[in-house]
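> Mind having a look at this structure? Questions to follow.
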Amino acid sequence: MGEILRQNLLSPVALAFALGVVTKLIRSEFSLPKDIYTALSVYLLFALGLKGGVELAHAGAAAIAWPAAATLLLGCITPLTAYATLRRLGKFSIADSAGIAAHYGSVSAVTYIAAQTFVKGMGAEPEGYMPTLLTLLESPGIHIALAIGAMKTAAPDRDTRSVLHEVLTGRTMVLLVGGLVIGLLMGEKNWQSIAPFYDSKGAVFKGALTLFILEMGIVAGSRLGDLKKVGPFLLGFGIFMPIVHGALGAWLGTLAGLSVGGATMLGAMAASASYIAAPPAVRITLPEANPTYYLTASLAITFPFNILFGIPIYFQVARWLHG
Amino acid sequence: MGEILRQNLLSPVALAFALGVVTKLIRSEFSLPKDIYTALSVYLLFALGLKGGVELAHAGAAAIAWPAAATLLLGCITPLTAYATLRRLGKFSIADSAGIAAHYGSVSAVTYIAAQTFVKGMGAEPEGYMPTLLTLLESPGIHIALAIGAMKTAAPDRDTRSVLHEVLTGRTMVLLVGGLVIGLLMGEKNWQSIAPFYDSKGAVFKGALTLFILEMGIVAGSRLGDLKKVGPFLLGFGIFMPIVHGALGAWLGTLAGLSVGGATMLGAMAASASYIAAPPAVRITLPEANPTYYLTASLAITFPFNILFGIPIYFQVARWLHG
Amino acid sequence: MGEILRQNLLSPVALAFALGVVTKLIRSEFSLPKDIYTALSVYLLFALGLKGGVELAHAGAAAIAWPAAATLLLGCITPLTAYATLRRLGKFSIADSAGIAAHYGSVSAVTYIAAQTFVKGMGAEPEGYMPTLLTLLESPGIHIALAIGAMKTAAPDRDTRSVLHEVLTGRTMVLLVGGLVIGLLMGEKNWQSIAPFYDSKGAVFKGALTLFILEMGIVAGSRLGDLKKVGPFLLGFGIFMPIVHGALGAWLGTLAGLSVGGATMLGAMAASASYIAAPPAVRITLPEANPTYYLTASLAITFPFNILFGIPIYFQVARWLHG
Amino acid sequence: MEMVPLKLVTIVAEPVLEEQLTTELKRLGARGYTVTETRGEGSRGIRASELPGESIRIETVVSAEVADRLLAHVAKQYFPNYAVIAYVSTVEVVRGEKYV
Amino acid sequence: MEMVPLKLVTIVAEPVLEEQLTTELKRLGARGYTVTETRGEGSRGIRASELPGESIRIETVVSAEVADRLLAHVAKQYFPNYAVIAYVSTVEVVRGEKYV
Amino acid sequence: MEMVPLKLVTIVAEPVLEEQLTTELKRLGARGYTVTETRGEGSRGIRASELPGESIRIETVVSAEVADRLLAHVAKQYFPNYAVIAYVSTVEVVRGEKYV
Ligand SMILES: Nc1ncnc2c1ncn2[C@@H]1O[C@H](COP(=O)(O)O)[C@@H](O)[C@H]1O
Ligand SMILES: Nc1ncnc2c1ncn2[C@@H]1O[C@H](COP(=O)(O)O)[C@@H](O)[C@H]1O
Ligand SMILES: Nc1ncnc2c1ncn2[C@@H]1O[C@H](COP(=O)(O)O)[C@@H](O)[C@H]1O
Ligand code: NA
Ligand code: NA
Ligand code: NA
């Protein structure tokens, strides 16, 4: 474990993230322009989708049925465990609990990519259809948590349906699902012609990833100051909830027949907290939920934890589960 | 033909375009940041120019003389046919007819690239100096159509010369002509050092192209609602005018000695309608021309038609003309 | 020399710069979006840092000691020679002299990259730890020149410490130093996985460099009109000061044991004038210094001179010094 | 120049509210609006988006009556929980009858 | 603080008009201007550029007389065919004599 | 709607001054501010940044007294050497007591 951890902490992804955080710690003004940050995420998501679609064409529908079911199950369980933990143990308000739960019930695509990079580096090639699972885990958790919030608080007079529409048609879904379909349709030969640009094994993908993670570090670093505002419970929650969800994901993944690499990735997905799709949806439907709570937990606690320590842990769990 | 069409519709270019359109149809907010869209077009144009210049150094001036003459002839004919069709048959106002004609007399660089990708995929390698022809076709048609408009409407008190200056020094011309000259001057060895980045065979070019086309799909999709505003005549015009111009281009190209690939590309160029250089020039010199007409025809009708169906048609025509 | 010069003037870097200048000369509106320009510079600086760190891991601390000392010496000498020349011979005001000296005492990363590309093309592989020297030369010159300015003019009531903090934590330093540390830590295997994206030998680096230099040409070209405002002395200064500093750098580099390639690059670094870190620092601490002077000298005179003529000259000097 | 005195309502708010706000202000009688991307700092220091500090400024030229309605709506609906500032001034508008 | 009361003219227009408008307003007496990129929606819904919805806002601080001239020019030249809105307000300007 | 009449101070300045200016205006009593990126041209034509023509516009809603202080500070500190324009107008602010 020590060696795996060391290797992970010295990976370009972890080091780029650390550089971003340090950038903020030394109070540097530097950050990537917002549009570049958006473009990098567009590229990464589209690349994931395309490759996933090509691989999905290879895998049969049968092969993916159980892992898909496991993923959807995680999408239903994780927002509930998060909500219950926050509300019962943490004594958070209904809105705050539901708002944070929406984040932990969804998934962070960058954490997904970091996990993929990690398991590949460990020689545990994951299933090719993992991006499909990523897509499945994106939105159910958000909807479930927001539904809890809406039921338990005075119904806001905003149109919740338009919010759900926004989640389902957001950048992440368009590029992942769209990429999947294109990948499915275009066939191997066409994929080969664009693979050097989009394949996660390729130079462009890895380069774009480091730059994106560098900016993630800056974004997370700029929220470090909020750590003292959120209190010790949320700090602990941001570390232990992912471990629980990660172990659960690795276990369900293993039961569903995923390899060590695949189970690790499903664990990382379950453990991760959304910070692109969830925040605006929560902000609009649960105005009373404090954004400092959910953004700090998601960006400044859970994301770094997963990238630096969580993924190697879920990997160990998956290896142990696989005997 | 059916098989060729199928292959084209399943190409990454066509599928990325379709995804863009679907993005708008499901009323998603997603689009590429404007600056990224600009950067992609800068890259694509510069890459075309550079490669074209390197190839131009290989081809003799003699080889290009007839194709160049055919191209300039197309630049003079197509705005006139477009104007006459719109004014006589379509009963459009002078300003509207001239405004739309300026678009169809010029050329769309993305359509050019899509045609290049298509003919290469078909094994019909085009002449290397095609980017020179693209450059030649860019501006004459705009000038001719605007001259007609200026003569036939009350002369506006704006400085038409400054508009012509803008067309001639716009992004497209600077990058294409500049790239051509640099390509000509720098020599084969220098080209080799940067070719992996700029060559249209390379990974970066193909990747940038799909992302650019994805955004083109979004832009076109956002104009679909205007289709019902422009009336059936313009709808038909946007499809049949390209076919006429495309066949004419393929024929003149064949006469001028171009290969099947080259003639197809000249056809696609003639068939295409500008949507970068022409719109601002028309907007300023012909204020009464309705932008909904020329932008919808160019972006939402002719561009998709060419990308999806037109190019395979011009290819068949060129093959048939070559016996 | 003639042949070397010709080769340099026909390199992609020189030609892209020329195209940028011509773009402005024909009064084109074209330029790269600001965020793209920023992103390119982020990429180039980070790539330099990473590669430099990997190489630093190979080189011993002993190997770099003398070159580092020579570099720091240049960082102390060049602002003083520049200040003295401007104040004594040029009769510039204290603020103007100090402001310009801050630019010439620091370094231009693009000139550094151009020199690297040039010497590699000439087969004179430089030392791998050159990026470390680049980092060392970045800030001392700015601090020394600003200190002179602060001492000799009425002390402004702004907080000079915050300005120094900004220079030390600016984009250039974060990415260079951060990249160096990451490169040092991550090890050869990790570097290999991202090298195709970041290595200066790779396609992405060279492509990004030409686009960046194209925009530099546009920026320089937009300042050509200011050349007549700065007077003949500054024009001469912008050419002869670099030659003096360049020869000095090549000489000190040779004494410190650098190869021909390394000594050329140290010469180019000494000869170059900063235009990213220095301008804002000078603008805030020396408000009376005329920005037209320091920006025109740095961007429109010295930068083009070095790129087009200076680097080949320093190369000849270094070759001659190496016998 | 015939000018019509109208109200210029300015609302600076979190970006996430843009679609809602513009939909609502059209419903409440505004004939158009202009949106600018800005950044800022306020007394509440709510940093509700991934990239902190960003806001949008919405400006709309409306009749006095519509201005009142808009501001009342913003005060009621958004002030309690969102980072918002709203103010109004009088402007003379060219062909102002168009915006009433 | 000696302040000079002047006119702040705001013109929101299609981006394609920027160069023309700024050239003309200098010719008509403005000493400077500030341009912001914005997006918006209006009553006419003209979407004249490739990327719909973008506009520019030009602001210029001028004397009352120049303001009149500018607005008359915009009304005559641009209102008939372009998506434009223009309005003016009074502002107190630091060292305002510079802008007259 | 209970509205409070306050001052809207607008400062257009070189981008390099943003941090200083915002720090200072908070020190001088402003409770918040909004910054927009703009470009412009003025009488002095100082082009002090690498990319010419860019400026920032800072807007802050403050009491009349704070407005005076801000403008006096800008006039003294920045007018002599920097490209700056500053002006003030009166606006009616929703829940304006917050910004005093
Ligand atoms: N006094 C002010 N003047 C101008 N803009 C302000 C002011 N106070 C707040 N703002 C803007 O309103 C947003 C929210 O402010 P607040 O709700 O006070 O945290 C900030 O991000 C600023 O853009
Ligand atoms: N009432 C309004 N308030 C603020 N901006 C407006 C208003 N009406 C129009 N605009 C702006 O002016 C542009 C053109 O409007 P129009 O000519 O009415 O279509 C729009 O894109 C908006 O940016
Ligand atoms: N009359 C004016 N109206 C609006 N903005 C102005 C005016 N004059 C100057 N500016 C702005 O203030 C900046 C500096 O102007 P100046 O100090 O006059 O060179 C310019 O870049 C413009 O953005
Ligand atoms: Na999760
Ligand atoms: Na055409
Ligand atoms: Na130097």
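Quick note on naming: the chains in the structure tokens go A, B, ... in the order shown, residues restart at 1 in each chain, and ligands are numbered from 1 in order of appearance.
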Can I get the residues close to ligand 2 as a PyMOL selection string, where close means within 8 Å and we count only C-alpha atoms and all ligand atoms?
(chain D and resi 8+30-35+59-62+98-99) or (chain E and resi 12-14+38-46+53-56+79+82-85)
> Could you write those residues out with N, CA, C and O atoms, as a CSV table (one decimal), in the first residue's frame?

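What ended up in result08.csv:
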chain,number,residue,atom,x,y,z
D,8,LEU,N,-33.8,52.7,-16.0
D,8,LEU,CA,-32.8,51.7,-16.3
D,8,LEU,C,-32.6,50.9,-15.0
D,8,LEU,O,-32.1,51.4,-14.0
D,30,ALA,N,-40.7,43.6,-19.3
D,30,ALA,CA,-39.5,44.2,-20.0
D,30,ALA,C,-39.5,43.8,-21.5
D,30,ALA,O,-39.9,42.6,-21.8
D,31,ARG,N,-39.2,44.7,-22.3
D,31,ARG,CA,-39.2,44.4,-23.8
D,31,ARG,C,-37.8,43.9,-24.3
D,31,ARG,O,-37.7,43.5,-25.4
D,32,GLY,N,-36.8,44.0,-23.4
D,32,GLY,CA,-35.5,43.5,-23.8
D,32,GLY,C,-34.6,43.7,-22.6
D,32,GLY,O,-35.0,44.1,-21.6
D,33,TYR,N,-33.4,43.2,-22.8
D,33,TYR,CA,-32.4,43.3,-21.7
D,33,TYR,C,-31.0,43.1,-22.3
D,33,TYR,O,-30.9,42.5,-23.4
D,34,THR,N,-30.0,43.5,-21.5
D,34,THR,CA,-28.6,43.3,-21.9
D,34,THR,C,-27.9,42.7,-20.8
D,34,THR,O,-28.0,43.1,-19.6
D,35,VAL,N,-27.1,41.6,-21.0
D,35,VAL,CA,-26.4,40.9,-20.0
D,35,VAL,C,-24.9,41.0,-20.2
D,35,VAL,O,-24.4,40.9,-21.3
D,59,GLU,N,-29.2,44.5,-17.4
D,59,GLU,CA,-29.7,45.8,-17.5
D,59,GLU,C,-31.0,45.8,-18.4
D,59,GLU,O,-31.0,45.2,-19.5
D,60,THR,N,-32.0,46.5,-18.0
D,60,THR,CA,-33.2,46.6,-18.8
D,60,THR,C,-33.8,48.0,-18.7
D,60,THR,O,-33.9,48.6,-17.6
D,61,VAL,N,-34.2,48.5,-19.8
D,61,VAL,CA,-34.8,49.8,-19.9
D,61,VAL,C,-36.3,49.6,-19.9
D,61,VAL,O,-36.8,48.9,-20.8
D,62,VAL,N,-37.0,50.1,-18.9
D,62,VAL,CA,-38.4,49.8,-18.8
D,62,VAL,C,-39.2,51.1,-18.3
D,62,VAL,O,-38.6,52.1,-17.9
D,98,LYS,N,-40.8,52.5,-27.8
D,98,LYS,CA,-40.6,51.1,-28.1
D,98,LYS,C,-40.5,50.2,-26.9
D,98,LYS,O,-40.8,49.0,-27.0
D,99,TYR,N,-40.0,50.8,-25.8
D,99,TYR,CA,-39.6,49.9,-24.7
D,99,TYR,C,-40.7,49.9,-23.6
D,99,TYR,O,-40.5,49.4,-22.5
E,12,VAL,N,-26.2,50.3,-27.2
E,12,VAL,CA,-26.0,48.8,-27.3
E,12,VAL,C,-26.3,48.5,-28.8
E,12,VAL,O,-27.4,48.8,-29.3
E,13,ALA,N,-25.4,47.8,-29.5
E,13,ALA,CA,-25.6,47.6,-30.9
E,13,ALA,C,-25.0,46.3,-31.3
E,13,ALA,O,-24.3,45.6,-30.6
E,14,GLU,N,-25.2,45.9,-32.6
E,14,GLU,CA,-24.6,44.7,-33.1
E,14,GLU,C,-23.1,44.8,-33.2
E,14,GLU,O,-22.6,45.9,-33.6
E,38,THR,N,-21.4,42.3,-24.6
E,38,THR,CA,-22.5,41.9,-23.9
E,38,THR,C,-23.4,40.9,-24.7
E,38,THR,O,-23.0,40.6,-25.9
E,39,ARG,N,-24.4,40.4,-24.2
E,39,ARG,CA,-25.4,39.7,-25.0
E,39,ARG,C,-26.8,40.2,-24.6
E,39,ARG,O,-26.9,40.7,-23.5
E,40,GLY,N,-27.7,40.0,-25.4
E,40,GLY,CA,-29.0,40.5,-25.0
E,40,GLY,C,-30.1,40.0,-25.9
E,40,GLY,O,-29.9,39.2,-26.9
E,41,GLU,N,-31.3,40.5,-25.6
E,41,GLU,CA,-32.5,40.2,-26.4
E,41,GLU,C,-33.3,41.4,-26.5
E,41,GLU,O,-33.3,42.2,-25.6
E,42,GLY,N,-33.9,41.6,-27.7
E,42,GLY,CA,-34.7,42.9,-27.8
E,42,GLY,C,-36.0,42.5,-28.5
E,42,GLY,O,-36.3,41.4,-28.7
E,43,SER,N,-36.7,43.6,-28.9
E,43,SER,CA,-38.0,43.4,-29.4
E,43,SER,C,-38.0,42.9,-30.9
E,43,SER,O,-38.8,42.2,-31.3
E,44,ARG,N,-36.9,43.3,-31.6
E,44,ARG,CA,-36.8,42.9,-33.0
E,44,ARG,C,-36.3,41.5,-33.2
E,44,ARG,O,-36.5,40.9,-34.2
E,45,GLY,N,-35.5,41.1,-32.3
E,45,GLY,CA,-34.9,39.8,-32.4
E,45,GLY,C,-34.1,39.5,-33.7
E,45,GLY,O,-34.0,38.4,-34.2
E,46,ILE,N,-33.5,40.6,-34.1
E,46,ILE,CA,-32.5,40.4,-35.3
E,46,ILE,C,-31.3,39.6,-34.8
E,46,ILE,O,-30.7,40.0,-33.8
E,53,GLY,N,-27.1,36.7,-30.6
E,53,GLY,CA,-27.3,37.3,-29.3
E,53,GLY,C,-26.2,38.2,-28.8
E,53,GLY,O,-26.4,38.8,-27.7
E,54,GLU,N,-25.1,38.2,-29.5
E,54,GLU,CA,-24.0,39.1,-29.0
E,54,GLU,C,-24.2,40.5,-29.4
E,54,GLU,O,-24.7,40.8,-30.5
E,55,SER,N,-23.9,41.4,-28.5
E,55,SER,CA,-23.9,42.8,-28.8
E,55,SER,C,-22.7,43.5,-28.2
E,55,SER,O,-22.0,42.9,-27.4
E,56,ILE,N,-22.5,44.7,-28.5
E,56,ILE,CA,-21.5,45.5,-27.8
E,56,ILE,C,-22.2,46.7,-27.2
E,56,ILE,O,-23.2,47.2,-27.7
E,79,PHE,N,-31.1,53.1,-36.5
E,79,PHE,CA,-32.4,52.6,-36.0
E,79,PHE,C,-33.2,51.8,-37.0
E,79,PHE,O,-33.8,50.8,-36.7
E,82,TYR,N,-30.9,48.3,-37.9
E,82,TYR,CA,-30.0,47.5,-37.0
E,82,TYR,C,-30.7,47.3,-35.6
E,82,TYR,O,-31.5,48.1,-35.2
E,83,ALA,N,-30.2,46.3,-34.9
E,83,ALA,CA,-30.6,46.1,-33.6
E,83,ALA,C,-29.8,47.0,-32.7
E,83,ALA,O,-28.6,46.8,-32.4
E,84,VAL,N,-30.4,48.1,-32.2
E,84,VAL,CA,-29.7,49.1,-31.5
E,84,VAL,C,-30.6,49.7,-30.4
E,84,VAL,O,-31.8,49.9,-30.6
E,85,ILE,N,-30.0,50.0,-29.3
E,85,ILE,CA,-30.8,50.8,-28.3
E,85,ILE,C,-29.8,51.9,-27.8
E,85,ILE,O,-28.6,51.6,-27.7
> Hey, which residues come within 10 Å of ligand 6 if we count only C-alpha atoms and all ligand atoms? Could you give them as a PyMOL selection string?
chain C and resi 74-75+77-79+82+101-108+137-138+141-142+241-242+245-246+249+266-274
> From a DSSP pass on the backbone, collect the residues of segment 12-92 of chain E flagged as strand (DSSP E or B) and hand them back as a list in words.
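Written out, the strand (DSSP E or B) residues of segment 12-92 of chain E are Val12, Ala13, Tyr33, Thr34, Val35, Thr36, Glu37, Thr38, Arg39, Gly40, Glu41, Glu54, Ser55, Ile56, Arg57, Ile58, Glu59, Thr60, Val61, Val62, Val84, Ile85, Ala86, Tyr87, Val88, Ser89, Thr90, Val91 and Glu92 of chain E.
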> Identify, on the basis of only C-alpha atoms, every residue whose closest approach to Tyr198 of chain B does not exceed 8 Å; exclude the query and any residue fewer than 6 positions from it along the same chain; express the result as a PyMOL selection string.
(chain B and resi 47-48+50-51+204-205) or (chain C and resi 207)
> Report as an MDAnalysis selection string the set of chain A residues whose atoms approach chain B to within 8 Å, with distances computed over only C-alpha atoms.
chainID A and resid 35:36 38:39 42 166 169:171 174 178 182 185:186 190 193:198
> Over every C-alpha pair, in sequence order, do a least-squares fit of chain D onto chain E and save the fitted chain as a PDB file with C-alpha atoms, in the first residue's frame.

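Saved result, result_38.pdb, follows:
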ATOM      1  CA  MET D   1     -13.899  67.366  -5.415  1.00  0.00           C
ATOM      2  CA  GLU D   2     -14.647  69.631  -8.362  1.00  0.00           C
ATOM      3  CA  MET D   3     -17.075  67.641 -10.512  1.00  0.00           C
ATOM      4  CA  VAL D   4     -18.439  68.554 -13.924  1.00  0.00           C
ATOM      5  CA  PRO D   5     -21.956  67.442 -14.922  1.00  0.00           C
ATOM      6  CA  LEU D   6     -21.786  65.734 -18.309  1.00  0.00           C
ATOM      7  CA  LYS D   7     -23.807  63.269 -20.364  1.00  0.00           C
ATOM      8  CA  LEU D   8     -23.161  59.537 -20.385  1.00  0.00           C
ATOM      9  CA  VAL D   9     -24.382  58.137 -23.700  1.00  0.00           C
ATOM     10  CA  THR D  10     -24.893  54.376 -23.861  1.00  0.00           C
ATOM     11  CA  ILE D  11     -25.377  52.583 -27.172  1.00  0.00           C
ATOM     12  CA  VAL D  12     -25.995  48.837 -27.348  1.00  0.00           C
ATOM     13  CA  ALA D  13     -25.567  47.589 -30.901  1.00  0.00           C
ATOM     14  CA  GLU D  14     -24.616  44.673 -33.136  1.00  0.00           C
ATOM     15  CA  PRO D  15     -20.886  43.866 -32.868  1.00  0.00           C
ATOM     16  CA  VAL D  16     -20.401  44.423 -36.584  1.00  0.00           C
ATOM     17  CA  LEU D  17     -21.032  48.115 -36.056  1.00  0.00           C
ATOM     18  CA  GLU D  18     -18.273  48.690 -33.515  1.00  0.00           C
ATOM     19  CA  GLU D  19     -15.637  50.142 -35.791  1.00  0.00           C
ATOM     20  CA  GLN D  20     -18.067  52.408 -37.638  1.00  0.00           C
ATOM     21  CA  LEU D  21     -19.734  53.634 -34.469  1.00  0.00           C
ATOM     22  CA  THR D  22     -16.521  54.453 -32.640  1.00  0.00           C
ATOM     23  CA  THR D  23     -15.079  56.220 -35.668  1.00  0.00           C
ATOM     24  CA  GLU D  24     -18.235  58.243 -36.048  1.00  0.00           C
ATOM     25  CA  LEU D  25     -18.548  59.201 -32.421  1.00  0.00           C
ATOM     26  CA  LYS D  26     -15.014  60.512 -32.400  1.00  0.00           C
ATOM     27  CA  ARG D  27     -15.847  62.500 -35.516  1.00  0.00           C
ATOM     28  CA  LEU D  28     -18.937  63.887 -33.804  1.00  0.00           C
ATOM     29  CA  GLY D  29     -16.964  65.165 -30.827  1.00  0.00           C
ATOM     30  CA  ALA D  30     -16.463  62.370 -28.269  1.00  0.00           C
ATOM     31  CA  ARG D  31     -13.037  62.387 -26.646  1.00  0.00           C
ATOM     32  CA  GLY D  32     -13.076  58.741 -25.666  1.00  0.00           C
ATOM     33  CA  TYR D  33     -15.304  55.739 -25.215  1.00  0.00           C
ATOM     34  CA  THR D  34     -15.469  52.396 -23.453  1.00  0.00           C
ATOM     35  CA  VAL D  35     -16.695  49.213 -25.138  1.00  0.00           C
ATOM     36  CA  THR D  36     -18.044  46.137 -23.339  1.00  0.00           C
ATOM     37  CA  GLU D  37     -19.041  42.841 -24.856  1.00  0.00           C
ATOM     38  CA  THR D  38     -22.559  41.863 -23.879  1.00  0.00           C
ATOM     39  CA  ARG D  39     -25.400  39.687 -24.980  1.00  0.00           C
ATOM     40  CA  GLY D  40     -29.040  40.496 -25.033  1.00  0.00           C
ATOM     41  CA  GLU D  41     -32.493  40.166 -26.365  1.00  0.00           C
ATOM     42  CA  GLY D  42     -34.693  42.856 -27.827  1.00  0.00           C
ATOM     43  CA  SER D  43     -38.034  43.374 -29.419  1.00  0.00           C
ATOM     44  CA  ARG D  44     -36.837  42.947 -32.978  1.00  0.00           C
ATOM     45  CA  GLY D  45     -34.931  39.775 -32.407  1.00  0.00           C
ATOM     46  CA  ILE D  46     -32.516  40.434 -35.247  1.00  0.00           C
ATOM     47  CA  ARG D  47     -29.788  37.844 -35.023  1.00  0.00           C
ATOM     48  CA  ALA D  48     -27.331  39.270 -37.431  1.00  0.00           C
ATOM     49  CA  SER D  49     -24.146  37.512 -36.474  1.00  0.00           C
ATOM     50  CA  GLU D  50     -22.973  33.960 -36.774  1.00  0.00           C
ATOM     51  CA  LEU D  51     -23.186  33.554 -33.006  1.00  0.00           C
ATOM     52  CA  PRO D  52     -26.576  34.961 -32.101  1.00  0.00           C
ATOM     53  CA  GLY D  53     -27.325  37.279 -29.221  1.00  0.00           C
ATOM     54  CA  GLU D  54     -24.026  39.071 -28.958  1.00  0.00           C
ATOM     55  CA  SER D  55     -23.926  42.823 -28.795  1.00  0.00           C
ATOM     56  CA  ILE D  56     -21.507  45.515 -27.792  1.00  0.00           C
ATOM     57  CA  ARG D  57     -22.196  48.345 -25.416  1.00  0.00           C
ATOM     58  CA  ILE D  58     -20.442  51.599 -26.135  1.00  0.00           C
ATOM     59  CA  GLU D  59     -20.363  54.233 -23.431  1.00  0.00           C
ATOM     60  CA  THR D  60     -19.049  57.712 -23.881  1.00  0.00           C
ATOM     61  CA  VAL D  61     -18.942  60.702 -21.574  1.00  0.00           C
ATOM     62  CA  VAL D  62     -19.620  63.857 -23.557  1.00  0.00           C
ATOM     63  CA  SER D  63     -21.097  67.356 -23.367  1.00  0.00           C
ATOM     64  CA  ALA D  64     -24.865  67.741 -23.709  1.00  0.00           C
ATOM     65  CA  GLU D  65     -24.434  69.141 -27.177  1.00  0.00           C
ATOM     66  CA  VAL D  66     -22.317  66.256 -28.418  1.00  0.00           C
ATOM     67  CA  ALA D  67     -24.743  63.810 -26.779  1.00  0.00           C
ATOM     68  CA  ASP D  68     -27.582  65.276 -28.840  1.00  0.00           C
ATOM     69  CA  ARG D  69     -25.562  64.982 -31.998  1.00  0.00           C
ATOM     70  CA  LEU D  70     -24.617  61.373 -31.278  1.00  0.00           C
ATOM     71  CA  LEU D  71     -28.123  60.264 -30.491  1.00  0.00           C
ATOM     72  CA  ALA D  72     -29.558  61.997 -33.542  1.00  0.00           C
ATOM     73  CA  HIS D  73     -26.965  60.300 -35.691  1.00  0.00           C
ATOM     74  CA  VAL D  74     -27.650  56.861 -34.220  1.00  0.00           C
ATOM     75  CA  ALA D  75     -31.397  57.334 -34.548  1.00  0.00           C
ATOM     76  CA  LYS D  76     -31.143  58.321 -38.182  1.00  0.00           C
ATOM     77  CA  GLN D  77     -28.394  56.012 -39.344  1.00  0.00           C
ATOM     78  CA  TYR D  78     -28.900  52.820 -37.402  1.00  0.00           C
ATOM     79  CA  PHE D  79     -32.392  52.591 -35.970  1.00  0.00           C
ATOM     80  CA  PRO D  80     -34.143  51.678 -39.224  1.00  0.00           C
ATOM     81  CA  ASN D  81     -32.174  48.530 -39.987  1.00  0.00           C
ATOM     82  CA  TYR D  82     -30.040  47.513 -37.036  1.00  0.00           C
ATOM     83  CA  ALA D  83     -30.590  46.079 -33.560  1.00  0.00           C
ATOM     84  CA  VAL D  84     -29.703  49.147 -31.509  1.00  0.00           C
ATOM     85  CA  ILE D  85     -30.754  50.821 -28.285  1.00  0.00           C
ATOM     86  CA  ALA D  86     -29.422  54.187 -27.134  1.00  0.00           C
ATOM     87  CA  TYR D  87     -29.980  56.224 -24.008  1.00  0.00           C
ATOM     88  CA  VAL D  88     -28.386  59.029 -22.060  1.00  0.00           C
ATOM     89  CA  SER D  89     -28.077  60.006 -18.416  1.00  0.00           C
ATOM     90  CA  THR D  90     -26.363  62.725 -16.450  1.00  0.00           C
ATOM     91  CA  VAL D  91     -23.181  61.975 -14.528  1.00  0.00           C
ATOM     92  CA  GLU D  92     -20.783  64.040 -12.444  1.00  0.00           C
ATOM     93  CA  VAL D  93     -17.308  63.561 -13.839  1.00  0.00           C
ATOM     94  CA  VAL D  94     -13.939  63.987 -12.122  1.00  0.00           C
ATOM     95  CA  ARG D  95     -11.870  66.570 -14.030  1.00  0.00           C
ATOM     96  CA  GLY D  96     -14.751  66.633 -16.472  1.00  0.00           C
ATOM     97  CA  GLU D  97     -13.384  69.567 -18.497  1.00  0.00           C
ATOM     98  CA  LYS D  98     -11.122  67.003 -20.186  1.00  0.00           C
ATOM     99  CA  TYR D  99     -14.030  65.369 -21.960  1.00  0.00           C
ATOM    100  CA  VAL D 100     -15.700  68.466 -23.396  1.00  0.00           C
TER     101      VAL D 100
END
> Using Å and a single decimal, report how far atom CA of Ala114 of chain B sits from atom CA of Val219 of chain B.
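So the answer is 17.0 Å.
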